[in-house]
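A.B. asks: Below you'll find the structure I mean.
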There are 2 protein chains.
Amino acid sequence: MTRMHKENNLSKNQQIIFDLIDKSPEPLKAYTILYNVQKKGINAPPQVYRALDKLVEIGKIHKIESKNAFVACKNSDCEISKATAFSICESCEVVDEISDVKLSKYLSSFNHKKGMKFKRFNLEFFGLCKKCK
Amino acid sequence: MTRMHKENNLSKNQQIIFDLIDKSPEPLKAYTILYNVQKKGINAPPQVYRALDKLVEIGKIHKIESKNAFVACKNSDCEISKATAFSICESCEVVDEISDVKLSKYLSSFNHKKGMKFKRFNLEFFGLCKKCK
DNA sequence: TTACATACTGTTATATTATAACAATTCTAA
DNA sequence: TTAGAATTGTTATAATATAACAGTATGTAA
């Protein structure tokens with residue numbers, strides 16, 4: 001077994017999969033990732049999903065729920081990983097992570113009337129990007 | 001073939017499935033719906049998904065993306081169906097649609113720096129509800 | 001250094017969610 | 001009344017995700 005890459009805090013599989021997502025200009029789906037890492041010895045879905053789960057948990061990537069796809073976090077080393085917002089073009093499917101301090105603060109301090117305490121949110125905007133409109 | 005229930009704008013299958021979702025205290029998944037409407041002659045997944053797609057399109061129901069489940073719209077006959085917000089308890093899984101005019105206005109008028117024009121958004125808050133915290 | 005707990009890996013099988021494709025029926029509006 | 005649009009029914013299959021189990025690596029505390 002190769003040694004783990006603990007110097008940067010990610011295990012071997014986590015690093016391979018993070019690198020792939022981080023280099024991708026678009027959100028990647030789990031099975032697209034699988035096909036692309038089979039040459040590196042990652043052969044089965046559970047290996048991909050486990051790495052994805054961990055990367056989401058530590059904020060290195062985010063899941064775009066409406067697309068079942070994953071993007072690397074672009075916001076200052078994932079400080080706001082529990083407060084995510086994305087813009088999604090309905091035509092060309094481009095996804096951008098929105099980093100807007102005011103928006104983030106506004107939502108983070110939003111209080112539910114029914115007394116719920118929020119720890120996390122995910123916001124997905126849909127529309128047409130500059131090119132497509 | 002039985003006649004369609006056009007008096008209220010929904011087809012037979014759409015009405016059956018909407019009624020089920022509307023009566024449910026919790027979000028329903030597509031296959032849970034399927035199992036529950038088989039006695040009414042809806043036998044196959046495409047019949048369920050087609051009705052769901054249409055109901056989402058016309059704003060009678062919403063999809064909770066993080067749960068792949070569907071809830072009836074509770075907001076004044078679905079006027080804001082293109083601007084949805086939900087609170088989700090991570091412990092008991094209770095989901096509530098948030099109807100907060102200020103929040104809705106704030107997000108509807110949010111402008112993306114990159115010049116994207118938004119037509120729609122979906123916001124999901126996660127935390128612990130009153131009972132669970 | 002050992003031994004224990006925790007995290008990670010590999011693997012097979014299967015569960016869950018969703019759509020393609022095609023044929024037929026029903027509805028609606030002109 | 002008839003043509004187009006929407007809906008239905010059906011079979012098959014695609015796409016997404018997890019269960020379960022066995023083994024390996026790593027950190028840490030005795």
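Within each chain, counting starts at residue 1; across the structure tokens, chains are named A, B, ... in the order shown, with ligands numbered 1 upward in that order.
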For chain D, which residues have at least one atom within 12 Å of chain B, if we go by only C-alpha atoms (C1' of nucleotides)? Write them as a list in words, please.

C.D. replies: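 Applying the cut-off to the listed atoms yields DA6, DT7, DT8, DG9, DT10, DT11, DA12 and DT16 of chain D.
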
A.B. asks: Should the cut-off be 10 Å, what would the residue list for chain C against chain B look like, counting only C-alpha atoms (C1' of nucleotides), as a PyMOL selection string?

C.D. replies: chain C and resi 16-19+25-27

A.B. asks: How would you write, as number ranges by chain, the set of residues in stretch 1-120 of chain A that DSSP gives as strand (DSSP E or B)?

C.D. replies: A: 28-29, 61-64, 69-72, 83-89, 95-97, 117-120

A.B. asks: Please produce an output containing C-alpha atoms for each residue in the selection, written as a PDB file, in the first residue's frame.

C.D. replies:
ATOM      1  CA  LEU A  28     -18.198  16.584 -12.212  1.00  0.00           C
ATOM      2  CA  LYS A  29     -20.550  13.716 -11.586  1.00  0.00           C
ATOM      3  CA  ILE A  61     -15.647  20.490  -2.534  1.00  0.00           C
ATOM      4  CA  HIS A  62     -19.350  21.216  -2.701  1.00  0.00           C
ATOM      5  CA  LYS A  63     -22.213  19.239  -4.141  1.00  0.00           C
ATOM      6  CA  ILE A  64     -24.499  20.990  -6.587  1.00  0.00           C
ATOM      7  CA  ALA A  69     -22.333  17.068  -9.379  1.00  0.00           C
ATOM      8  CA  PHE A  70     -19.317  18.297  -7.486  1.00  0.00           C
ATOM      9  CA  VAL A  71     -17.143  21.402  -7.671  1.00  0.00           C
ATOM     10  CA  ALA A  72     -14.021  22.436  -5.815  1.00  0.00           C
ATOM     11  CA  ALA A  83     -22.819  28.507   3.600  1.00  0.00           C
ATOM     12  CA  THR A  84     -22.808  27.859  -0.096  1.00  0.00           C
ATOM     13  CA  ALA A  85     -24.342  29.699  -3.002  1.00  0.00           C
ATOM     14  CA  PHE A  86     -24.122  28.962  -6.693  1.00  0.00           C
ATOM     15  CA  SER A  87     -25.287  30.442  -9.936  1.00  0.00           C
ATOM     16  CA  ILE A  88     -26.292  27.964 -12.596  1.00  0.00           C
ATOM     17  CA  CYS A  89     -26.921  28.797 -16.232  1.00  0.00           C
ATOM     18  CA  VAL A  95     -21.868  26.809 -12.533  1.00  0.00           C
ATOM     19  CA  ASP A  96     -20.142  29.463 -10.456  1.00  0.00           C
ATOM     20  CA  GLU A  97     -19.727  29.611  -6.754  1.00  0.00           C
ATOM     21  CA  LYS A 117     -31.330  27.072  14.601  1.00  0.00           C
ATOM     22  CA  PHE A 118     -29.535  26.899  11.261  1.00  0.00           C
ATOM     23  CA  LYS A 119     -26.055  25.475  10.951  1.00  0.00           C
ATOM     24  CA  ARG A 120     -25.768  25.416   7.217  1.00  0.00           C
TER      25      ARG A 120
END

A.B. asks: Mind giving me the straight-line distance from atom CA of B:Asp53 to atom C1' of C:DA20 in Å, one decimal?

C.D. replies: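 These atoms are spaced 15.9 Å apart.
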
A.B. asks: Could you please select, counting only C-alpha atoms, the residues of chain B within 6 Å of chain A and state them as a ChimeraX atom specification?

C.D. replies: /B:65-66,115-130

A.B. asks: Name the residues in contact with C:DA15 at a cut-off of 9 Å, using only C-alpha atoms (C1' of nucleotides), excluding same-chain residues fewer than 3 positions from it; report them as a PyMOL selection string.

C.D. replies: chain D and resi 17-19

A.B. asks: Set the distance at 12 Å and use only C-alpha atoms (C1' of nucleotides): which residues neighbour C:DA29 once local chain neighbours fewer than 3 positions away are removed? I'd like the list as an MDAnalysis selection string.

C.D. replies: chainID D and resid 1:5

A.B. asks: Going by DSSP on the backbone, which bits of stretch 18-133 of chain A are helix (DSSP H, G or I)? Write them as JSON, numbers by chain, please.

C.D. replies: {"A": [18, 19, 20, 21, 22, 23, 30, 31, 32, 33, 34, 35, 36, 37, 38, 39, 40, 45, 46, 47, 48, 49, 50, 51, 52, 53, 54, 55, 56, 57, 76, 77, 78, 101, 102, 103, 104, 105, 106, 107, 108]}

A.B. asks: Using only C-alpha atoms (C1' of nucleotides), pick whichever of D:DA25, D:DA20, D:DT13, D:DA30 has the shortest atom-to-atom distance to C:DT14.

C.D. replies: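 Of D:DA25, D:DA20, D:DT13, D:DA30, the one nearest C:DT14, counting only C-alpha atoms (C1' of nucleotides), is D:DA20.
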
A.B. asks: Would you work out the distance separating atom CA of A:Val37 from atom CA of A:Val56, expressed in Å to one decimal?

C.D. replies: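 Separation of atom CA of A:Val37 and atom CA of A:Val56: 18.3 Å.
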
A.B. asks: Could you check how far atom CA of A:Leu34 sits from atom CA of A:Asn75, in Å to one decimal?

C.D. replies: 25.5 Å
